[in-house]
Amino acid sequence: MRFAHLVWCNLKRKKLRTSLTLLSILVAFILFGFLMAIKQALAGGVSMARQDRLVVRHKVSIIQMLPENYKERMARIPGVALATHQTWFGGVYQDPKNFFMQNPVVPEEFLDMHPELVLPPEQKKAWLETRTGAIVGRKTADRFHWKIGDKVPLSSFWSKQDGSRFWEFDIVGIYDGDKKETDTTPMFFRYDYFDEARRSGAKGIVGWYTIRVKDPNQAAEVAKRVDQEFENSSAETKTEPEGAFVQAWMSQIGNIVLIVSAILSAVFFTILLVTGNTMSQAVRERTGELGVLKAIGFSNAQVMSLVLAESCLLTILGGVLGLGLAQLLVPVMAKALAGLLPLFSLPTHDLFIGLGFSVALGLITGIFPALQAMRLRVADALRRM
Amino acid sequence: MNAQSNNTLVSVDGVEKVFHRGSEDIHVLADLHLQVPSGEFLALMGPSGSGKSTLLNLIGGLDRPTRGSVSVAGERLDQLTDRRLAAWRARHVGFVFQLYNLMPVLTAERNVELPLLLTHLSRAEREKHVAAALAVVGLAHRAKHYPRTLSGGEQQRVGIARGIVTDPTLLLCDEPTGDLDRKAGDEILDLLQALNREHGKTIIMVTHDPHASARAARTVYLDKGQLSNEPVK
């Protein structure tokens, strides 16, 4: 710490150059924060997926429907603990850009299948007692300022018996997630109300099933049994672990991790060059001064450490400021993207990874100028003053 | 060149220094012998390129002789590793440079403090030593000023304060008045004389100015790598 003042003063030597380098590092780490949030939004569902859940969809495509009566057959398959269904409702609340997911479900089964959704018991009771009742996640409730007792109108491609596409639900519950990363944007309403109200030709069909297996180690075997059960039927199934299902969904956009990694690599390589240039210039300009430090007794290792410390201070400062700003801005963007990217958030472990990168950046950009400073011959350096 | 004294502080024995520049060898010092007793103020004179600064660098442990030995207070400098030589310099040598060589980003007091950062002194103790050194050179009132706001003479006094703040065994001055006018130069020489007479500091000063060398107790002359007691004709 006794050398901290010297390091800090050297960093302030060329204020404009240091400021511009700091700014470029700061922007790089803001971008890092945003990209990590996007990665979390698009790939986070995979990490949140449970090992004991399988998703059963139509073999041809997720948009093809499955019969509701498959549930009883699934429940009898060895290894299946629970089977329940959901259907894509595709409702619009006031404006299509207010997107969020809404699915009809069987309440008791649904809540049993998804313990990560936390609903107070009295609200669960109200849901079971209210046919038009719906529960909505905290994020969506806050977004539209909904509270329990509100009536929510949605228009959907699903027609009702009377031909209208206008549906109205009563908010009877607001659920939270058991983890910060849990998606609390969807709304769920009762399947019995949905199936009774929708037009005749569309009754008794559902979007997909979720199965909980008794033993996660047997998940692959159970999945095979489910597909075998419905082989050669009019609606053959494809059963896969929930994580794989989410992964396949995301891979339609592209290999998110690869895209994010490629962008970040390009950004950090550029920053490495900028910062490395700054540090090399700084050492070249101070050859004489470094010679003086060695003359008065600073060892080669100490001079090298001073240069490395300066480099790391610059990158860590930029990194901390950039990540700090990203941490402030991501929640603001998350509100705007709530419906589209419900999991848009900056995970804490990515912040620590970012900090680690800032230290590594400082070491990499500082090592060559530091070695130069270390190898400086005192007598030669003093001649350059 | 050899002042007969029982308390020899600096001993240069048979020193040669050769610089290699590409395929060319430049012989700067040849079979040099010099003894400097403790408490002496020695001036080292000679024409430009005679090897004065090279000899000073060898005595100060900034360079190593090609042949021969350099001892200061009984320690063979030519046998120390780079790391130990740096530690030795920190403890035993104070340097005063022609162009002051102050850090422009540090105040006067922070510049003076630099050698003390290598000691185990606490911050409070370092501040005391710095204040004392600045008081000796008469610049206590300019402690918080940056070099760019100090005159040449004041900067050199800060340089001297930095050179004496650790109470070194030896003070080496390379043309300390070379960049100053007569008045400022005289002030610096007064200060060096006071350090020698009142504080017993051993000082070796390289200079090409006879007016400066007259302040020293003894002057030796270097020409073509050889020392003599008489000026070069």
# chains A, B, ... in the order shown; residues from 1 in each chain; ligands from 1
>>> residues_around(residues="Leu85 of chain B", least_positions_apart="6", cutoff="10 Å", atoms="only C-alpha atoms", output="tab-separated table (two decimals) with C-alpha atoms, in the first residue's frame")
chain	number	residue	atom	x	y	z
A	295	ALA	CA	19.31	4.19	-8.85
A	297	GLY	CA	17.37	1.40	-4.68
A	298	PHE	CA	14.17	0.03	-6.19
A	299	SER	CA	14.88	-3.54	-7.26
B	60	GLY	CA	27.43	4.04	-6.68
B	61	GLY	CA	26.75	0.44	-7.69
B	62	LEU	CA	24.89	1.47	-10.83
B	63	ASP	CA	27.26	-0.43	-13.05
B	77	LEU	CA	30.10	-4.11	-4.87
B	78	ASP	CA	31.31	-6.09	-7.84
B	79	GLN	CA	30.39	-9.30	-6.00
B	91	ARG	CA	20.74	1.97	2.31
>>> select_by_dssp(residues="segment 39-136 of chain B", states="helix (DSSP H, G or I)", output="ChimeraX atom specification")
/B:52-59,77-79,82-92,108-118,123-136
>>> write_last_selection(atoms="N, CA and C atoms", output="short mmCIF file (atom, residue, chain, number, x, y, z; two decimals), in the first residue's frame")
data_model
loop_
_atom_site.label_atom_id
_atom_site.label_comp_id
_atom_site.auth_asym_id
_atom_site.auth_seq_id
_atom_site.Cartn_x
_atom_site.Cartn_y
_atom_site.Cartn_z
N LYS B 52 34.19 10.26 -16.12
CA LYS B 52 33.85 10.71 -14.75
C LYS B 52 32.55 10.06 -14.27
N SER B 53 31.52 10.18 -15.11
CA SER B 53 30.20 9.63 -14.72
C SER B 53 30.27 8.12 -14.64
N THR B 54 31.09 7.51 -15.51
CA THR B 54 31.24 6.05 -15.45
C THR B 54 31.84 5.63 -14.12
N LEU B 55 32.86 6.35 -13.67
CA LEU B 55 33.48 6.04 -12.38
C LEU B 55 32.48 6.24 -11.25
N LEU B 56 31.71 7.32 -11.35
CA LEU B 56 30.71 7.59 -10.31
C LEU B 56 29.68 6.46 -10.27
N ASN B 57 29.28 5.99 -11.44
CA ASN B 57 28.30 4.90 -11.52
C ASN B 57 28.84 3.62 -10.88
N LEU B 58 30.16 3.38 -11.08
CA LEU B 58 30.75 2.17 -10.49
C LEU B 58 30.79 2.28 -8.97
N ILE B 59 31.15 3.47 -8.47
CA ILE B 59 31.21 3.66 -7.00
C ILE B 59 29.81 3.58 -6.41
N LEU B 77 31.30 -4.32 -4.05
CA LEU B 77 30.10 -4.11 -4.87
C LEU B 77 30.10 -5.01 -6.09
N ASP B 78 31.26 -5.29 -6.61
CA ASP B 78 31.31 -6.09 -7.84
C ASP B 78 30.90 -7.53 -7.59
N GLN B 79 30.77 -7.92 -6.30
CA GLN B 79 30.39 -9.30 -6.00
C GLN B 79 28.92 -9.45 -5.60
N ASP B 82 22.33 -8.32 -8.51
CA ASP B 82 21.54 -7.12 -8.82
C ASP B 82 20.59 -6.76 -7.68
N ARG B 83 19.94 -7.78 -7.13
CA ARG B 83 18.95 -7.53 -6.07
C ARG B 83 19.63 -6.96 -4.84
N ARG B 84 20.77 -7.54 -4.47
CA ARG B 84 21.47 -7.09 -3.27
C ARG B 84 22.10 -5.72 -3.50
N LEU B 85 22.50 -5.48 -4.74
CA LEU B 85 23.09 -4.18 -5.09
C LEU B 85 22.03 -3.08 -4.95
N ALA B 86 20.80 -3.38 -5.38
CA ALA B 86 19.70 -2.42 -5.25
C ALA B 86 19.45 -2.12 -3.77
N ALA B 87 19.41 -3.15 -2.96
CA ALA B 87 19.19 -2.96 -1.53
C ALA B 87 20.34 -2.17 -0.91
N TRP B 88 21.56 -2.46 -1.38
CA TRP B 88 22.74 -1.73 -0.88
C TRP B 88 22.64 -0.24 -1.22
N ARG B 89 22.26 0.04 -2.45
CA ARG B 89 22.13 1.45 -2.87
C ARG B 89 21.09 2.16 -2.01
N ALA B 90 19.97 1.48 -1.79
CA ALA B 90 18.89 2.09 -1.01
C ALA B 90 19.39 2.51 0.38
N ARG B 91 20.30 1.70 0.94
CA ARG B 91 20.74 1.97 2.31
C ARG B 91 21.94 2.93 2.37
N HIS B 92 22.84 2.79 1.38
CA HIS B 92 24.16 3.44 1.55
C HIS B 92 24.44 4.63 0.64
N ALA B 108 7.16 17.90 -3.84
CA ALA B 108 8.53 17.89 -3.33
C ALA B 108 8.67 16.87 -2.20
N GLU B 109 7.72 16.89 -1.27
CA GLU B 109 7.85 15.98 -0.13
C GLU B 109 7.70 14.52 -0.56
N ARG B 110 6.86 14.25 -1.52
CA ARG B 110 6.70 12.87 -2.00
C ARG B 110 7.93 12.41 -2.76
N ASN B 111 8.58 13.34 -3.46
CA ASN B 111 9.82 12.99 -4.13
C ASN B 111 10.89 12.63 -3.12
N VAL B 112 10.97 13.44 -2.05
CA VAL B 112 11.98 13.19 -1.01
C VAL B 112 11.68 11.87 -0.32
N GLU B 113 10.41 11.52 -0.22
CA GLU B 113 10.00 10.31 0.49
C GLU B 113 10.37 9.02 -0.25
N LEU B 114 10.60 9.11 -1.57
CA LEU B 114 10.78 7.90 -2.38
C LEU B 114 11.77 6.88 -1.80
N PRO B 115 12.99 7.29 -1.42
CA PRO B 115 13.91 6.28 -0.87
C PRO B 115 13.39 5.64 0.41
N LEU B 116 12.58 6.39 1.18
CA LEU B 116 12.08 5.87 2.45
C LEU B 116 11.01 4.80 2.24
N LEU B 117 10.39 4.76 1.05
CA LEU B 117 9.40 3.72 0.76
C LEU B 117 10.03 2.34 0.79
N LEU B 118 11.36 2.32 0.65
CA LEU B 118 12.05 1.03 0.63
C LEU B 118 12.49 0.58 2.02
N ARG B 123 4.42 5.45 8.19
CA ARG B 123 4.10 6.68 7.47
C ARG B 123 4.49 7.91 8.29
N ALA B 124 4.16 7.87 9.58
CA ALA B 124 4.47 9.01 10.45
C ALA B 124 5.97 9.24 10.53
N GLU B 125 6.71 8.14 10.64
CA GLU B 125 8.18 8.26 10.72
C GLU B 125 8.74 8.79 9.41
N ARG B 126 8.19 8.32 8.31
CA ARG B 126 8.68 8.80 7.01
C ARG B 126 8.44 10.31 6.90
N GLU B 127 7.27 10.74 7.33
CA GLU B 127 6.95 12.18 7.25
C GLU B 127 7.94 13.00 8.07
N LYS B 128 8.33 12.46 9.22
CA LYS B 128 9.30 13.19 10.07
C LYS B 128 10.63 13.33 9.36
N HIS B 129 11.11 12.23 8.79
CA HIS B 129 12.40 12.25 8.08
C HIS B 129 12.35 13.21 6.90
N VAL B 130 11.23 13.19 6.18
CA VAL B 130 11.09 14.06 5.00
C VAL B 130 11.13 15.53 5.44
N ALA B 131 10.39 15.82 6.50
CA ALA B 131 10.36 17.20 7.00
C ALA B 131 11.76 17.66 7.41
N ALA B 132 12.49 16.76 8.06
CA ALA B 132 13.84 17.10 8.51
C ALA B 132 14.75 17.36 7.31
N ALA B 133 14.67 16.51 6.29
CA ALA B 133 15.52 16.66 5.10
C ALA B 133 15.21 17.97 4.38
N LEU B 134 13.92 18.29 4.26
CA LEU B 134 13.55 19.53 3.58
C LEU B 134 13.99 20.75 4.39
N ALA B 135 13.97 20.60 5.70
CA ALA B 135 14.42 21.70 6.56
C ALA B 135 15.93 21.94 6.38
N VAL B 136 16.69 20.86 6.27
CA VAL B 136 18.14 20.98 6.07
C VAL B 136 18.44 21.76 4.80
#
>>> closest_atom_pairs(of="chain A", to="chain B", cutoff="10 Å", atoms="only C-alpha atoms", output="Markdown table")
| residue | atom | partner | partner_atom | distance |
| --- | --- | --- | --- | --- |
| A:Arg2 | CA | B:Leu117 | CA | 6.6 |
| A:Phe3 | CA | B:Leu117 | CA | 7.2 |
| A:His5 | CA | B:Leu106 | CA | 9.0 |
| A:Leu6 | CA | B:Leu106 | CA | 7.7 |
| A:Trp8 | CA | B:Val105 | CA | 9.6 |
| A:Cys9 | CA | B:Val105 | CA | 5.8 |
| A:Asn10 | CA | B:Val105 | CA | 6.6 |
| A:Leu11 | CA | B:Val105 | CA | 9.4 |
| A:Lys12 | CA | B:Val105 | CA | 8.0 |
| A:Arg13 | CA | B:Val105 | CA | 6.3 |
| A:Lys14 | CA | B:Val105 | CA | 9.9 |
| A:Arg286 | CA | B:Met103 | CA | 9.5 |
| A:Gly288 | CA | B:Asn101 | CA | 8.0 |
| A:Glu289 | CA | B:Met103 | CA | 6.8 |
| A:Leu290 | CA | B:Met103 | CA | 9.7 |
| A:Gly291 | CA | B:Asn101 | CA | 9.6 |
| A:Val292 | CA | B:Asn101 | CA | 6.9 |
| A:Leu293 | CA | B:Leu114 | CA | 8.1 |
| A:Lys294 | CA | B:Ala86 | CA | 7.0 |
| A:Ala295 | CA | B:Leu62 | CA | 6.5 |
| A:Ile296 | CA | B:Ala90 | CA | 5.5 |
| A:Gly297 | CA | B:Ala90 | CA | 4.0 |
| A:Phe298 | CA | B:Ala86 | CA | 6.1 |
| A:Ser299 | CA | B:Ala86 | CA | 5.3 |
| A:Asn300 | CA | B:Arg83 | CA | 7.2 |
| A:Ala301 | CA | B:Arg83 | CA | 8.4 |
| A:Gln302 | CA | B:Leu118 | CA | 9.7 |
| A:Arg377 | CA | B:Asp63 | CA | 8.5 |
| A:Val378 | CA | B:Leu62 | CA | 6.1 |
| A:Ala379 | CA | B:Leu62 | CA | 6.1 |
| A:Asp380 | CA | B:Asp63 | CA | 9.7 |
| A:Leu382 | CA | B:Asn101 | CA | 8.8 |
| A:Met385 | CA | B:Asn101 | CA | 7.2 |
>>> closest_atom_pairs(of="segment 222-275 of chain A", to="segment 76-97 of chain A", cutoff="9 Å", atoms="only C-alpha atoms", output="Markdown table")
| residue | atom | partner | partner_atom | distance |
| --- | --- | --- | --- | --- |
| A:Val222 | CA | A:Gly79 | CA | 6.0 |
| A:Arg225 | CA | A:Ile77 | CA | 7.2 |
| A:Val226 | CA | A:Ile77 | CA | 7.0 |
| A:Glu229 | CA | A:Ile77 | CA | 8.2 |
>>> select_by_dssp(residues="chain B", states="strand (DSSP E)", output="ChimeraX atom specification")
/B:8-21,24-37,41-45,67-72,75-76,93-96,170-174,202-206,218-223,226-228
>>> residues_around(residues="Val330 of chain A", least_positions_apart="4", cutoff="10 Å", atoms="only C-alpha atoms", output="VMD selection string")
chain A and resid 30 33 to 34 37 to 38 325 to 326 334 to 336 344 to 346
>>> atom_distance(atom1="atom CA of Asn98 of chain A", atom2="atom CA of Gly173 of chain A")
20.1 Å
>>> closest_atom_pairs(of="segment 164-257 of chain A", to="segment 52-68 of chain A", cutoff="6 Å", atoms="only C-alpha atoms", output="Markdown table")
| residue | atom | partner | partner_atom | distance |
| --- | --- | --- | --- | --- |
| A:Gly204 | CA | A:Glu68 | CA | 5.2 |
| A:Ile205 | CA | A:Pro67 | CA | 4.6 |
| A:Val206 | CA | A:Leu66 | CA | 5.3 |
| A:Gly207 | CA | A:Met65 | CA | 4.9 |
| A:Trp208 | CA | A:Arg57 | CA | 4.8 |
| A:Tyr209 | CA | A:Val56 | CA | 4.9 |
| A:Thr210 | CA | A:Val55 | CA | 4.7 |
| A:Ile211 | CA | A:Leu54 | CA | 5.1 |
| A:Arg212 | CA | A:Arg53 | CA | 4.6 |
| A:Val213 | CA | A:Asp52 | CA | 5.4 |
| A:Pro216 | CA | A:Asp52 | CA | 4.7 |
| A:Glu236 | CA | A:Lys59 | CA | 5.4 |
| A:Thr237 | CA | A:Lys59 | CA | 4.4 |
| A:Lys238 | CA | A:Lys59 | CA | 4.6 |
| A:Thr239 | CA | A:Val56 | CA | 4.3 |
| A:Glu240 | CA | A:Leu54 | CA | 5.4 |
| A:Pro241 | CA | A:Leu54 | CA | 4.3 |
| A:Glu242 | CA | A:Leu54 | CA | 5.0 |
>>> closest_residue(among="B:Leu150, B:Val10, B:Leu180, B:Leu170", to="His199 of chain B", atoms="only C-alpha atoms")
B:Leu170
>>> residues_around(residues="Thr365 of chain A", least_positions_apart="4", cutoff="12 Å", atoms="only C-alpha atoms", output="ChimeraX atom specification")
/A:268-282,307-315,357-361,369-371
>>> residues_around(residues="Gln161 of chain A", least_positions_apart="3", cutoff="9 Å", atoms="only C-alpha atoms", output="ChimeraX atom specification")
/A:164,196-200
>>> write_last_selection(atoms="C-alpha atoms", output="compact mmCIF listing (two decimals), in the first residue's frame")
# COMPACT_ATOMS: atom_id res chain seq x y z
CA SER A 164 -65.41 -14.10 -29.99
CA GLU A 196 -65.35 -25.47 -21.75
CA ALA A 197 -65.36 -21.97 -23.20
CA ARG A 198 -63.43 -22.64 -26.42
CA ARG A 199 -65.27 -23.54 -29.60
CA SER A 200 -66.40 -27.14 -30.16
>>> closest_residue(among="A:Phe368, A:Glu108, A:Thr287, A:Thr182", to="Arg383 of chain A", atoms="only C-alpha atoms")
A:Thr287
>>> residues_around(residues="Pro47 of chain B", least_positions_apart="5", cutoff="12 Å", atoms="only C-alpha atoms", output="list in words")
Lys52, Ser53, Val206, Thr207, His208, Asp209, Pro210, Tyr221, Leu222, Asp223, Lys224, Gly225, Gln226, Pro231, Val232 and Lys233 of chain B
>>> write_last_selection(atoms="C-alpha atoms", output="mmCIF file, in the first residue's frame")
data_model
loop_
_atom_site.group_PDB
_atom_site.id
_atom_site.type_symbol
_atom_site.label_atom_id
_atom_site.label_comp_id
_atom_site.auth_asym_id
_atom_site.auth_seq_id
_atom_site.Cartn_x
_atom_site.Cartn_y
_atom_site.Cartn_z
ATOM 1 C CA LYS B 52 33.849 10.714 -14.752
ATOM 2 C CA SER B 53 30.200 9.628 -14.724
ATOM 3 C CA VAL B 206 31.689 15.054 -10.603
ATOM 4 C CA THR B 207 32.098 18.473 -12.152
ATOM 5 C CA HIS B 208 33.776 20.195 -15.063
ATOM 6 C CA ASP B 209 33.553 23.569 -13.285
ATOM 7 C CA PRO B 210 36.737 24.662 -11.415
ATOM 8 C CA TYR B 221 41.492 14.590 -12.499
ATOM 9 C CA LEU B 222 40.407 11.960 -14.953
ATOM 10 C CA ASP B 223 41.614 11.864 -18.522
ATOM 11 C CA LYS B 224 41.604 9.039 -20.996
ATOM 12 C CA GLY B 225 40.586 6.649 -18.240
ATOM 13 C CA GLN B 226 43.493 7.532 -15.963
ATOM 14 C CA PRO B 231 44.775 19.031 -13.939
ATOM 15 C CA VAL B 232 44.970 17.873 -17.531
ATOM 16 C CA LYS B 233 46.944 20.319 -19.688
#
>>> closest_residue(among="B:His33, B:Arg142, B:Arg21, B:Arg197", to="Arg215 of chain B", atoms="only C-alpha atoms")
B:Arg197
>>> residues_around(residues="Pro153 of chain A", least_positions_apart="4", cutoff="8 Å", atoms="only C-alpha atoms", output="NGL selection string")
:A and (93 or 166-169)
>>> atom_distance(atom1="atom CA of Glu116 of chain A", atom2="atom CA of Lys179 of chain A")
7.6 Å
>>> atom_distance(atom1="atom CA of Leu328 of chain A", atom2="atom CA of Ile316 of chain A")
18.0 Å
